[in-house]
>>> print(open('structure.cif').read())   # mmCIF, C-alpha atoms
data_input
loop_
_atom_site.label_atom_id
_atom_site.label_comp_id
_atom_site.auth_asym_id
_atom_site.auth_seq_id
_atom_site.Cartn_x
_atom_site.Cartn_y
_atom_site.Cartn_z
CA MET A 1482 71.04 72.52 122.71
CA HIS A 1483 70.07 72.09 119.10
CA PHE A 1484 68.71 74.77 116.77
CA GLU A 1485 67.37 73.64 113.44
CA PHE A 1486 65.93 75.77 110.62
CA LEU A 1487 64.38 74.10 107.61
CA MET A 1488 63.96 76.72 104.89
CA PHE A 1489 65.26 75.42 101.58
CA MET A 1490 66.06 76.50 98.05
CA SER A 1491 67.09 74.61 94.95
CA ARG A 1492 67.75 75.36 91.31
CA ILE A 1493 64.04 74.79 90.68
CA SER A 1494 62.59 77.03 93.38
CA VAL A 1495 63.90 79.81 95.59
CA ARG A 1496 62.00 80.35 98.79
CA GLN A 1497 62.11 83.03 101.41
CA LEU A 1498 65.38 84.96 101.70
CA THR A 1499 65.91 85.98 105.26
CA SER A 1500 67.97 85.27 108.33
CA ALA A 1501 67.18 84.78 111.98
CA ALA A 1502 69.02 86.13 114.98
CA ILE A 1503 69.07 84.08 118.14
CA ALA A 1504 70.84 84.40 121.43
CA LEU A 1505 72.86 81.29 122.17
CA VAL A 1506 73.76 80.97 125.82
CA ALA A 1507 76.18 78.26 126.89
CA MET A 1508 76.49 77.65 130.60
CA SER A 1509 79.09 75.27 132.10
CA PRO A 1510 81.83 75.32 134.73
CA ALA A 1511 84.21 76.32 131.95
CA ILE A 1512 82.26 79.12 130.29
CA SER A 1513 79.35 81.46 130.72
CA GLN A 1514 79.00 83.24 127.44
CA GLU A 1515 76.25 84.85 125.39
CA GLN A 1516 76.61 85.33 121.66
CA VAL A 1517 74.40 86.88 119.03
CA VAL A 1518 74.35 84.35 116.22
CA GLN A 1519 72.97 84.93 112.77
CA LEU A 1520 71.59 81.81 111.13
CA ASP A 1521 71.13 81.88 107.37
CA TYR A 1522 68.02 80.22 106.00
CA ARG A 1523 69.44 80.21 102.47
CA ILE A 1524 71.76 77.30 103.19
CA ASN A 1525 69.87 75.86 106.17
CA GLU A 1526 72.32 76.95 108.83
CA ARG A 1527 71.92 75.49 112.27
CA VAL A 1528 74.02 75.16 115.41
CA MET A 1529 74.36 71.82 117.13
CA LEU A 1530 76.47 70.34 119.91
CA VAL A 1531 78.81 67.48 119.02
CA PRO A 1532 80.10 65.10 121.75
CA ALA A 1533 83.89 65.16 122.09
CA GLY A 1534 86.79 64.67 124.46
CA ALA A 1535 87.37 62.13 127.19
CA GLY A 1536 84.26 59.99 127.53
CA HIS A 1537 82.55 62.39 125.11
CA GLN A 1538 81.79 64.63 128.08
CA SER A 1539 82.53 67.87 126.21
CA ARG A 1540 80.29 69.49 123.60
CA LEU A 1541 81.58 71.25 120.50
CA GLN A 1542 79.54 74.19 119.25
CA THR A 1543 79.24 73.19 115.60
CA THR A 1544 77.77 75.13 112.71
CA VAL A 1545 76.04 72.98 110.10
CA PHE A 1546 75.02 73.95 106.57
CA ARG A 1547 73.25 71.56 104.21
CA PRO A 1548 71.19 71.43 101.02
CA ASN A 1549 67.49 70.76 100.77
CA GLY A 1550 66.41 67.18 101.44
CA SER A 1551 67.23 64.35 103.77
CA GLY A 1552 70.46 63.28 102.10
CA PRO A 1553 72.69 61.45 102.54
CA PHE A 1554 75.11 64.22 101.53
CA PRO A 1555 78.88 64.15 101.05
CA LEU A 1556 80.53 66.04 103.90
CA ILE A 1557 83.24 68.63 104.37
CA VAL A 1558 84.46 69.42 107.88
CA ILE A 1559 86.12 72.86 108.08
CA ASN A 1560 88.47 73.63 111.00
CA HIS A 1561 89.11 77.11 112.35
CA GLY A 1562 92.24 79.01 113.36
CA LYS A 1563 93.06 80.76 116.62
CA ASP A 1564 92.57 84.46 117.29
CA PRO A 1565 94.74 86.33 119.79
CA GLY A 1566 93.45 86.25 123.35
CA ARG A 1567 91.30 83.78 125.22
CA PRO A 1568 89.84 81.00 123.03
CA SER A 1569 86.53 81.22 124.90
CA GLN A 1570 86.15 84.79 123.62
CA GLN A 1571 86.64 83.79 119.98
CA ALA A 1572 83.53 84.16 117.85
CA ARG A 1573 81.78 81.16 116.32
CA ASP A 1574 83.43 80.54 112.97
CA ARG A 1575 81.18 79.83 110.01
CA PHE A 1576 83.41 80.00 106.91
CA TYR A 1577 80.22 81.16 105.24
CA HIS A 1578 81.59 81.84 101.75
CA MET A 1579 83.40 78.51 101.58
CA ALA A 1580 80.40 76.69 103.04
CA ALA A 1581 78.08 78.19 100.42
CA ALA A 1582 80.38 77.01 97.62
CA PHE A 1583 80.14 73.44 98.91
CA VAL A 1584 76.39 73.49 99.60
CA LYS A 1585 75.91 74.50 95.95
CA ARG A 1586 77.60 71.23 95.06
CA GLY A 1587 75.40 69.13 97.31
CA TYR A 1588 77.64 68.91 100.40
CA ALA A 1589 76.75 69.12 104.04
CA VAL A 1590 79.23 71.32 105.91
CA MET A 1591 80.26 71.09 109.57
CA VAL A 1592 82.38 73.74 111.31
CA PRO A 1593 83.21 72.58 114.85
CA MET A 1594 84.60 74.96 117.44
CA ARG A 1595 87.13 72.85 119.28
CA GLN A 1596 87.20 72.43 123.07
CA GLY A 1597 87.52 75.73 124.92
CA PHE A 1598 86.76 77.85 121.84
CA ALA A 1599 83.67 80.07 121.60
CA ALA A 1600 80.70 78.33 123.27
CA SER A 1601 82.23 74.83 123.21
CA THR A 1602 82.74 73.22 126.59
CA GLY A 1603 85.92 71.49 127.69
CA ARG A 1604 89.32 73.09 128.12
CA TYR A 1605 91.69 74.45 125.50
CA VAL A 1606 95.07 72.72 125.95
CA ASP A 1607 98.15 74.66 124.85
CA HIS A 1608 101.44 72.77 124.45
CA GLY A 1609 103.44 75.95 123.92
CA CYS A 1610 106.21 75.56 121.37
CA ASP A 1611 105.54 71.85 120.85
CA MET A 1612 103.70 72.29 117.55
CA ARG A 1613 103.50 68.55 116.96
CA ALA A 1614 101.56 68.07 120.20
CA ASN A 1615 99.40 71.13 119.52
CA GLY A 1616 98.32 69.65 116.19
CA TYR A 1617 97.55 66.22 117.61
CA THR A 1618 95.53 67.63 120.52
CA GLN A 1619 93.37 69.73 118.22
CA ALA A 1620 92.99 66.81 115.82
CA ASP A 1621 91.30 64.77 118.56
CA ASP A 1622 88.25 67.06 118.40
CA VAL A 1623 88.19 66.93 114.61
CA ARG A 1624 88.24 63.12 114.74
CA ASP A 1625 85.35 63.14 117.21
CA THR A 1626 83.40 65.38 114.83
CA VAL A 1627 84.03 63.01 111.89
CA ASP A 1628 83.07 60.00 114.01
CA PHE A 1629 79.85 61.73 115.05
CA ALA A 1630 79.05 62.73 111.47
CA ARG A 1631 79.38 59.15 110.24
CA THR A 1632 76.51 58.15 112.54
CA GLN A 1633 74.11 60.71 111.08
CA PRO A 1634 71.62 59.47 108.46
CA TRP A 1635 71.98 62.69 106.43
CA ILE A 1636 75.73 62.12 105.92
CA ASP A 1637 77.26 59.92 103.21
CA SER A 1638 79.88 58.28 105.39
CA THR A 1639 81.88 57.10 102.38
CA HIS A 1640 82.47 60.60 100.95
CA ILE A 1641 84.13 62.91 103.46
CA VAL A 1642 86.83 65.56 103.09
CA VAL A 1643 88.42 67.52 105.94
CA ALA A 1644 89.79 71.06 105.54
CA GLY A 1645 91.39 73.54 107.90
CA GLN A 1646 92.71 77.08 107.93
CA SER A 1647 95.77 78.20 109.91
CA TYR A 1648 95.72 76.35 113.28
CA GLY A 1649 92.88 74.32 111.80
CA GLY A 1650 95.16 73.37 108.91
CA LEU A 1651 97.78 72.11 111.36
CA ALA A 1652 95.10 70.04 113.11
CA THR A 1653 93.85 68.72 109.77
CA MET A 1654 97.30 67.45 108.79
CA ALA A 1655 97.76 65.85 112.23
CA LEU A 1656 94.43 64.10 111.68
CA GLY A 1657 95.81 62.64 108.45
CA THR A 1658 98.09 60.32 110.43
CA GLU A 1659 95.05 58.17 111.29
CA ASP A 1660 93.03 55.64 109.32
CA LEU A 1661 89.65 57.32 108.95
CA PRO A 1662 87.03 55.34 107.02
CA GLY A 1663 85.31 57.48 104.41
CA VAL A 1664 87.77 60.40 104.61
CA ARG A 1665 89.14 60.70 101.08
CA GLY A 1666 91.25 63.85 101.28
CA LEU A 1667 92.55 66.74 103.36
CA ILE A 1668 92.81 70.43 102.42
CA ASN A 1669 95.34 72.58 104.27
CA PHE A 1670 94.76 76.33 103.86
CA ALA A 1671 97.79 78.19 105.26
CA GLY A 1672 98.20 75.65 108.05
CA GLY A 1673 100.40 76.43 111.02
CA LEU A 1674 100.61 78.13 114.41
CA ARG A 1675 102.78 81.03 115.51
CA ASP A 1676 104.17 81.47 119.03
CA ASP A 1677 106.58 84.31 119.70
CA SER A 1678 106.76 83.73 123.45
CA ASN A 1679 109.80 82.62 125.43
CA GLY A 1680 112.13 82.48 122.44
CA CYS A 1681 110.08 79.79 120.72
CA ASP A 1682 111.51 78.74 117.35
CA TRP A 1683 108.00 78.18 116.05
CA ARG A 1684 109.12 77.87 112.43
CA GLY A 1685 111.51 75.05 113.28
CA ALA A 1686 108.86 73.48 115.53
CA LEU A 1687 106.41 73.51 112.64
CA GLU A 1688 108.93 71.77 110.38
CA THR A 1689 109.37 69.09 113.02
CA ALA A 1690 105.61 68.69 113.35
CA PHE A 1691 104.96 68.40 109.63
CA ALA A 1692 107.82 65.92 109.23
CA ASP A 1693 106.19 63.78 111.92
CA TYR A 1694 102.79 64.02 110.25
CA GLY A 1695 104.37 63.17 106.90
CA ALA A 1696 106.04 60.03 108.24
CA LYS A 1697 102.66 58.76 109.44
CA ASN A 1698 100.51 60.20 106.65
CA LYS A 1699 97.63 58.03 105.44
CA ILE A 1700 95.39 60.48 103.52
CA PRO A 1701 96.29 62.56 100.42
CA SER A 1702 96.23 66.32 100.85
CA LEU A 1703 96.13 69.63 99.01
CA TRP A 1704 98.06 72.56 100.49
CA MET A 1705 97.31 76.19 99.61
CA TYR A 1706 99.55 79.04 100.79
CA GLY A 1707 99.54 82.63 99.47
CA GLU A 1708 102.42 84.82 98.36
CA ASN A 1709 101.51 87.60 100.82
CA ASP A 1710 100.50 85.47 103.81
CA SER A 1711 101.49 87.52 106.86
CA LEU A 1712 102.16 84.45 109.02
CA PHE A 1713 103.31 81.61 106.78
CA GLY A 1714 104.95 83.03 103.66
CA PRO A 1715 106.24 81.16 100.59
CA ASP A 1716 109.65 80.27 102.04
CA LEU A 1717 108.19 78.73 105.18
CA ALA A 1718 105.39 77.01 103.25
CA GLY A 1719 108.00 75.40 100.99
CA ARG A 1720 110.02 74.21 103.99
CA LEU A 1721 106.96 72.69 105.66
CA HIS A 1722 105.94 70.91 102.47
CA ALA A 1723 109.48 69.60 101.93
CA ALA A 1724 109.60 68.30 105.51
CA PHE A 1725 106.23 66.58 105.06
CA GLU A 1726 106.99 64.93 101.72
CA GLY A 1727 110.59 64.21 102.67
CA ALA A 1728 109.30 62.07 105.52
CA GLY A 1729 106.99 60.16 103.20
CA GLY A 1730 103.79 62.22 103.14
CA LYS A 1731 101.65 62.75 100.07
CA ALA A 1732 100.71 66.38 99.43
CA THR A 1733 100.27 68.81 96.53
CA LEU A 1734 101.44 72.36 97.31
CA VAL A 1735 99.79 75.29 95.52
CA GLU A 1736 101.42 78.68 96.05
CA PHE A 1737 98.94 81.25 94.79
CA PRO A 1738 99.59 84.96 94.02
CA ALA A 1739 99.07 87.80 96.49
CA PHE A 1740 95.45 88.13 97.62
CA LYS A 1741 94.39 91.60 98.70
CA ARG A 1742 96.38 92.78 101.74
CA ASP A 1743 96.91 89.37 103.31
CA SER A 1744 96.19 85.98 101.80
CA HIS A 1745 95.93 84.45 105.28
CA GLY A 1746 92.35 85.74 105.41
CA MET A 1747 91.36 84.48 101.95
CA LEU A 1748 88.72 82.01 103.16
CA ALA A 1749 86.91 84.78 105.05
CA SER A 1750 86.59 86.87 101.89
CA ARG A 1751 83.64 86.72 99.53
CA ASP A 1752 86.22 87.05 96.73
CA GLY A 1753 88.37 84.14 97.91
CA ALA A 1754 86.68 81.37 95.92
CA SER A 1755 88.00 82.86 92.68
CA ILE A 1756 91.47 81.93 93.98
CA TRP A 1757 90.99 78.61 95.75
CA TRP A 1758 88.15 76.80 93.98
CA HIS A 1759 89.96 75.80 90.77
CA ASP A 1760 92.67 73.83 92.58
CA VAL A 1761 90.25 72.46 95.15
CA GLU A 1762 87.95 71.24 92.38
CA ARG A 1763 90.80 69.36 90.70
CA PHE A 1764 91.79 67.76 94.01
CA LEU A 1765 88.22 66.75 94.85
CA ARG A 1766 87.88 64.99 91.52
CA GLN A 1767 91.15 63.16 92.12
CA VAL A 1768 89.89 61.75 95.41
CA GLY A 1769 86.43 60.88 94.09
CA MET A 1770 84.38 63.72 95.58
CA PRO A 1771 81.59 65.55 93.68
CA THR A 1772 82.24 68.99 92.15
CA GLU A 1773 79.21 69.86 89.98
CA GLU A 1774 76.83 72.60 91.08
CA ILE A 1775 73.36 71.19 91.69
CA TYR A 1776 71.82 73.90 93.90
CA THR A 1777 71.53 77.67 93.66
CA VAL A 1778 72.18 79.80 96.73
CA ALA A 1779 70.56 83.17 96.17
CA GLN A 1780 72.46 86.28 97.18
CA ALA A 1781 71.27 88.24 100.17
CA PRO A 1782 69.23 91.35 99.37
CA SER A 1783 71.48 94.40 99.08
CA LEU A 1784 70.77 97.92 100.29
CA PRO A 1785 69.71 100.30 97.50
CA ARG A 1786 72.11 102.96 96.29
CA SER A 1787 71.30 106.50 97.33
CA LYS A 1788 71.83 109.80 95.51
CA PHE A 1789 72.39 111.59 98.81
CA ALA A 1790 76.04 112.22 97.95
CA SER A 1791 79.05 110.75 96.23
CA VAL A 1792 80.78 108.13 98.34
CA SER A 1793 83.97 110.21 98.14
CA ASP A 1794 82.30 113.39 99.46
CA ILE A 1795 83.66 113.40 103.00
CA ALA A 1796 81.96 116.68 103.94
CA ALA A 1797 78.52 115.21 103.19
CA VAL A 1798 78.69 112.50 105.86
CA PRO A 1799 76.35 113.54 108.70
CA TYR A 1800 77.12 113.80 112.41
CA LEU A 1801 80.90 113.41 112.22
CA THR A 1802 83.50 115.44 114.09
CA GLU A 1803 86.95 116.03 112.59
CA ASN A 1804 88.12 112.69 114.03
CA GLY A 1805 85.16 110.98 112.40
CA ARG A 1806 85.86 112.60 109.04
CA ALA A 1807 89.46 111.44 109.26
CA ALA A 1808 88.12 107.92 109.90
CA TYR A 1809 85.82 108.15 106.86
CA ARG A 1810 88.79 109.26 104.77
CA GLU A 1811 90.58 106.12 106.01
CA TYR A 1812 87.51 104.03 105.20
CA LEU A 1813 87.65 105.16 101.57
CA GLU A 1814 91.04 103.47 101.29
CA LYS A 1815 89.70 100.12 102.52
CA MET A 1816 88.89 97.14 100.35
CA THR A 1817 85.41 95.86 99.63
CA PRO A 1818 83.33 94.42 101.14
CA ARG A 1819 83.19 97.28 103.61
CA ALA A 1820 80.67 99.42 105.50
CA PHE A 1821 80.60 102.68 107.45
CA ALA A 1822 78.03 103.42 110.19
CA VAL A 1823 77.28 106.73 111.97
CA SER A 1824 75.16 107.96 114.86
CA PRO A 1825 73.65 111.35 115.86
CA SER A 1826 75.91 111.13 118.91
CA GLY A 1827 78.94 111.46 116.62
CA ALA A 1828 79.95 107.82 117.03
CA TRP A 1829 81.13 105.94 113.94
CA CYS A 1830 82.56 102.62 112.87
CA TRP A 1831 83.98 101.13 109.68
CA ALA A 1832 84.46 97.44 108.97
CA GLU A 1833 86.03 95.67 106.01
CA GLU A 1834 86.28 92.09 104.72
CA GLY A 1835 85.15 89.02 106.65
CA GLU A 1836 81.48 88.14 106.98
CA ASP A 1837 78.79 90.84 107.08
CA PRO A 1838 80.87 94.01 107.52
CA ASP A 1839 77.62 95.99 107.52
CA THR A 1840 76.24 94.25 110.63
CA ARG A 1841 79.66 94.40 112.31
CA ALA A 1842 79.90 98.14 111.66
CA LEU A 1843 76.41 98.72 113.10
CA ALA A 1844 77.04 96.54 116.15
CA THR A 1845 80.33 98.17 117.10
CA CYS A 1846 79.03 101.67 116.44
CA ALA A 1847 76.12 100.93 118.77
CA GLN A 1848 78.54 99.92 121.52
CA LYS A 1849 80.11 103.40 121.31
CA SER A 1850 76.88 105.37 121.09
CA SER A 1851 73.94 106.30 123.30
CA GLN A 1852 71.81 106.80 120.18
CA PRO A 1853 70.98 104.46 117.28
CA CYS A 1854 73.55 103.94 114.55
CA GLN A 1855 72.80 103.74 110.85
CA LEU A 1856 74.73 102.67 107.78
CA TYR A 1857 75.98 105.52 105.63
CA SER A 1858 78.01 103.62 103.03
CA VAL A 1859 78.39 100.04 101.84
CA ASP A 1860 81.17 98.96 99.47
CA ASP A 1861 81.65 101.78 96.94
CA TYR A 1862 78.33 103.60 97.29
CA VAL A 1863 76.17 105.60 99.73
CA VAL A 1864 73.01 104.08 101.24
CA TRP A 1865 71.95 107.07 103.34
CA PRO A 1866 68.34 108.08 102.48
CA GLU A 1867 68.24 111.01 100.06
CA ARG A 1868 65.74 113.03 102.10
CA ALA A 1869 67.45 112.43 105.41
CA VAL A 1870 68.44 115.54 107.37
CA ALA A 1871 71.23 115.27 109.90
CA GLY A 1872 69.80 115.43 113.39
CA ALA A 1873 66.28 114.46 112.32
CA GLY A 1874 66.82 110.71 112.03
CA ALA A 1875 66.19 108.56 109.00
CA ALA A 1876 64.70 105.25 108.09
CA GLY A 1877 67.05 102.43 107.23
CA PRO A 1878 69.31 99.79 108.76
CA VAL A 1879 70.02 100.82 112.34
CA ALA A 1880 71.44 99.43 115.53
CA GLY A 1881 70.28 100.68 118.91
CA GLY A 1882 72.72 102.22 121.35
CA ALA A 1883 74.61 99.90 123.70
CA ALA A 1884 73.20 96.70 122.18
CA ALA A 1885 74.79 94.74 119.39
CA ALA A 1886 72.88 94.57 116.13
CA PRO A 1887 71.09 91.25 115.67
CA GLY A 1888 73.05 89.05 113.35
CA ALA A 1889 76.48 90.57 113.95
CA ALA A 1890 78.72 87.86 112.53
CA SER A 1891 81.92 88.59 114.40
CA PRO A 1892 83.46 91.35 116.51
CA VAL A 1893 85.45 94.06 114.79
CA ALA A 1894 89.13 93.28 115.12
CA GLY A 1895 91.17 95.79 117.08
CA ALA A 1896 90.25 98.07 119.93
CA ALA A 1897 87.45 100.61 119.72
CA GLY A 1898 88.33 104.03 121.05
CA THR A 1899 88.04 107.73 120.53
CA GLY A 1900 89.30 108.56 117.09
CA GLY A 1901 89.40 104.89 116.17
CA ALA A 1902 92.00 102.23 116.66
CA GLY A 1903 93.54 100.14 113.95
CA ALA A 1904 92.98 96.43 113.64
CA GLY A 1905 95.53 93.68 113.66
CA ALA A 1906 97.58 92.92 116.77
CA THR A 1907 99.44 89.64 117.18
CA GLY A 1908 99.03 87.63 120.37
CA THR A 1909 101.22 84.99 122.00
CA GLY A 1910 100.58 81.66 120.40
CA GLY A 1911 97.93 83.25 118.24
CA GLU A 1912 97.48 84.76 114.82
CA ALA A 1913 97.10 88.23 113.40
CA ALA A 1914 93.79 89.81 114.36
CA GLY A 1915 91.56 90.36 111.39
CA VAL A 1916 92.92 87.43 109.38
CA ALA A 1917 92.92 84.48 111.73
CA GLY A 1918 89.50 82.90 111.56
CA GLY A 1919 86.89 82.14 108.95
CA SER A 1920 84.69 85.07 109.93
CA ALA A 1921 87.20 87.67 110.92
CA GLY A 1922 87.51 91.06 109.31
CA ALA A 1923 89.08 94.37 110.21
CA GLY A 1924 87.65 97.62 111.48
CA ALA A 1925 87.82 100.64 113.75
CA ALA A 1926 85.34 102.65 115.79
CA GLY A 1927 85.20 105.92 117.67
CA SER A 1928 83.07 108.45 119.48
CA PRO A 1929 83.26 112.24 119.57
#
>>> encode(input="structure.cif", output="structure tokens")
Amino acid sequence: MHFEFLMFMSRISVRQLTSAAIALVAMSPAISQEQVVQLDYRINERVMLVPAGAGHQSRLQTTVFRPNGSGPFPLIVINHGKDPGRPSQQARDRFYHMAAAFVKRGYAVMVPMRQGFAASTGRYVDHGCDMRANGYTQADDVRDTVDFARTQPWIDSTHIVVAGQSYGGLATMALGTEDLPGVRGLINFAGGLRDDSNGCDWRGALETAFADYGAKNKIPSLWMYGENDSLFGPDLAGRLHAAFEGAGGKATLVEFPAFKRDSHGMLASRDGASIWWHDVERFLRQVGMPTEEIYTVAQAPSLPRSKFASVSDIAAVPYLTENGRAAYREYLEKMTPRAFAVSPSGAWCWAEEGEDPDTRALATCAQKSSQPCQLYSVDDYVVWPERAVAGAGAAGPVAGGAAAAPGAASPVAGAAGTGGAGAGATGTGGEAAGVAGGSAGAGAAGSP
């Protein structure tokens, strides 16, 4: 299954700005799953299947972004983390904001979902508290992705960098124990894996794993960990780096200041590049990778501001019960990007951070409502039409009841229930919901 969209833009010309929604259905003995996937024409997003695993019998659902032209392009492979729950239920990660930053600089970007994750076939293998083995197993799929990429005519096989976030960072560093032609550097964003089950000393197991990777390290790396990372804070990051370098590995550790509520989700934020790009740029230059912007990626059209009411006027929000107004009050305390959707049925949903909080808010609201949902607020302003009258309906971005809005980038983290449920539970062997993957955000939803 291979979807390809060829709508390009460059610094010289900017063509059509739009996105397409497709239903991607993957059927195999391992999974039967349907996802609504938004593909972005602005950076030529497509989804392809990459052979992997024993005998290359498995297929990795892989998101590809690339500039205009036939290449060959330098490549960055970005590796995802693990959300709580079943890997097959994890959404397709895109790392859209990071991918756009690299496409601007002429890179092709590949984001493989490893075996058993999302719509990839194969089986997810969990080695429990053996973090060393967990990293090596996940690295096998990353290596298969790099090997596949080197055979593609649009890839410059001599200029490749591999990056990973959280569990993907652990896999990236395990990959660095191999000789990989063309791979010039590794970038570890908050790499690690947490397992609180059965008395697992996961911190000590991570130190052991990184010491092993360091002893066999063959590729230079940049490590970035944040001061307020909810999973791998400064003390642990320092211990992991010391174990890696103490065993002979070559790595530069950057400990950056607190980022919003949790730096573990930095790559999913549209504001994250202001933190990570400077150090990444320096590292890329050191390993001989390009860093100059040569393309322009136009911003998506934004919804116009409305004079219907002030964003802080809670009483003006239509359709809401007291529970809904309490939720809107909570929404006003959230960080941007954010969105709040409502329905004539009294259903509501807010979403913050991650990719496309507006489409996530609409999609989850629609799941709670028998009537269409509509955006009321985005970021710090109201988008509700000025002439709209509660109960009469209004034109604007809507999602129909019971069906997810086309283009919903990822599910809202946390349970949806009457009065709204908070986001952010931690699962065994997983990561905090809302900050784990490249697309994740937080949110809550409710009905009257």
>>> closest_atom_pairs(input="structure.cif", of="stretch 1554-1610 of chain A", to="stretch 1752-1761 of chain A", cutoff="12 Å", atoms="all atoms listed in the file", output="tab-separated table")
residue	atom	partner	partner_atom	distance
A:Phe1576	CA	A:Gly1753	CA	11.1
A:Tyr1577	CA	A:Ala1754	CA	11.3
A:His1578	CA	A:Ala1754	CA	7.8
A:Met1579	CA	A:Ala1754	CA	7.1
A:Ala1580	CA	A:Ala1754	CA	10.6
A:Ala1581	CA	A:Ala1754	CA	10.2
A:Ala1582	CA	A:Ala1754	CA	7.8
A:Phe1583	CA	A:Trp1758	CA	10.0
A:Arg1586	CA	A:Trp1758	CA	12.0
>>> atom_distance(input="structure.cif", atom1="atom CA of A:Phe1598", atom2="atom CA of A:Asp1837")
21.2 Å
>>> closest_atom_pairs(input="structure.cif", of="stretch 1539-1582 of chain A", to="stretch 1667-1687 of chain A", cutoff="10 Å", atoms="only C-alpha atoms", output="CSV")
residue,atom,partner,partner_atom,distance
A:Ile1557,CA,A:Leu1667,CA,9.6
A:Val1558,CA,A:Leu1667,CA,9.6
A:Ile1559,CA,A:Ile1668,CA,9.1
A:Asn1560,CA,A:Asn1669,CA,9.7
A:Gly1562,CA,A:Leu1674,CA,8.5
A:Lys1563,CA,A:Leu1674,CA,8.3
>>> axis_aligned_box(input="structure.cif", around="stretch 1723-1736 of chain A", padding_each_side="5 Å", output="AutoDock Vina command-line options")
--center_x 105.2 --center_y 69.4 --center_z 100.5 --size_x 20.8 --size_y 28.5 --size_z 20.0
>>> atom_distance(input="structure.cif", atom1="atom CA of A:Tyr1617", atom2="atom CA of A:Ala1692")
13.3 Å
>>> resolve_selection(input="structure.cif", expression="the PyMOL selection byres ((chain A and resi 1846) around 7)", output="list in words")
Ala1822, Val1823, Ala1828, Trp1829, Cys1830, Ala1842, Leu1843, Ala1844, Thr1845, Ala1847, Gln1848, Lys1849, Ser1850, Cys1854 and Ala1926 of chain A
>>> closest_residue(input="structure.cif", among="A:Lys1741, A:Arg1819, A:Arg1810, A:Arg1527", to="A:Asp1710", atoms="all atoms listed in the file")
A:Lys1741
>>> resolve_selection(input="structure.cif", expression="the PyMOL selection byres ((chain A and resi 1696) around 7)", output="list of chain:residue names")
A:Ala1692, A:Asp1693, A:Tyr1694, A:Gly1695, A:Lys1697, A:Asn1698, A:Ala1728, A:Gly1729, A:Gly1730
>>> closest_residue(input="structure.cif", among="A:Val1664, A:Ala1600, A:Leu1703, A:Val1528", to="A:Gly1650", atoms="all atoms listed in the file")
A:Leu1703
>>> resolve_selection(input="structure.cif", expression="the PyMOL selection byres ((chain A and resi 1800) around 8)", output="list in words")
Val1798, Pro1799, Leu1801, Thr1802, Val1823, Ser1824, Pro1825, Ser1826, Gly1827, Ala1871 and Gly1872 of chain A
>>> build_atoms(input="structure.cif", residues="stretch 1745-1756 of chain A", atoms="N, CA and C atoms", output="PDB file, keeping the file's coordinate frame")
ATOM      1  N   HIS A1745      96.288  85.311 104.158  1.00  0.00           N
ATOM      2  CA  HIS A1745      95.930  84.450 105.280  1.00  0.00           C
ATOM      3  C   HIS A1745      94.426  84.501 105.548  1.00  0.00           C
ATOM      4  N   GLY A1746      93.789  85.602 105.182  1.00  0.00           N
ATOM      5  CA  GLY A1746      92.350  85.740 105.410  1.00  0.00           C
ATOM      6  C   GLY A1746      91.505  85.410 104.199  1.00  0.00           C
ATOM      7  N   MET A1747      92.063  84.716 103.209  1.00  0.00           N
ATOM      8  CA  MET A1747      91.360  84.480 101.950  1.00  0.00           C
ATOM      9  C   MET A1747      90.015  83.767 102.142  1.00  0.00           C
ATOM     10  N   LEU A1748      89.962  82.762 103.007  1.00  0.00           N
ATOM     11  CA  LEU A1748      88.720  82.010 103.160  1.00  0.00           C
ATOM     12  C   LEU A1748      87.600  82.841 103.749  1.00  0.00           C
ATOM     13  N   ALA A1749      87.938  83.914 104.462  1.00  0.00           N
ATOM     14  CA  ALA A1749      86.910  84.780 105.050  1.00  0.00           C
ATOM     15  C   ALA A1749      86.353  85.763 104.040  1.00  0.00           C
ATOM     16  N   SER A1750      86.973  85.866 102.877  1.00  0.00           N
ATOM     17  CA  SER A1750      86.590  86.870 101.890  1.00  0.00           C
ATOM     18  C   SER A1750      85.571  86.313 100.901  1.00  0.00           C
ATOM     19  N   ARG A1751      84.612  87.136 100.548  1.00  0.00           N
ATOM     20  CA  ARG A1751      83.640  86.720  99.530  1.00  0.00           C
ATOM     21  C   ARG A1751      84.306  86.554  98.166  1.00  0.00           C
ATOM     22  N   ASP A1752      85.498  87.143  97.994  1.00  0.00           N
ATOM     23  CA  ASP A1752      86.220  87.050  96.730  1.00  0.00           C
ATOM     24  C   ASP A1752      87.220  85.904  96.701  1.00  0.00           C
ATOM     25  N   GLY A1753      87.331  85.153  97.809  1.00  0.00           N
ATOM     26  CA  GLY A1753      88.370  84.140  97.910  1.00  0.00           C
ATOM     27  C   GLY A1753      88.194  82.946  96.984  1.00  0.00           C
ATOM     28  N   ALA A1754      86.923  82.574  96.720  1.00  0.00           N
ATOM     29  CA  ALA A1754      86.680  81.370  95.920  1.00  0.00           C
ATOM     30  C   ALA A1754      87.273  81.470  94.521  1.00  0.00           C
ATOM     31  N   SER A1755      87.405  82.691  94.004  1.00  0.00           N
ATOM     32  CA  SER A1755      88.000  82.860  92.680  1.00  0.00           C
ATOM     33  C   SER A1755      89.463  82.425  92.671  1.00  0.00           C
ATOM     34  N   ILE A1756      90.075  82.365  93.857  1.00  0.00           N
ATOM     35  CA  ILE A1756      91.470  81.930  93.980  1.00  0.00           C
ATOM     36  C   ILE A1756      91.545  80.435  94.279  1.00  0.00           C
TER      37      ILE A1756
END
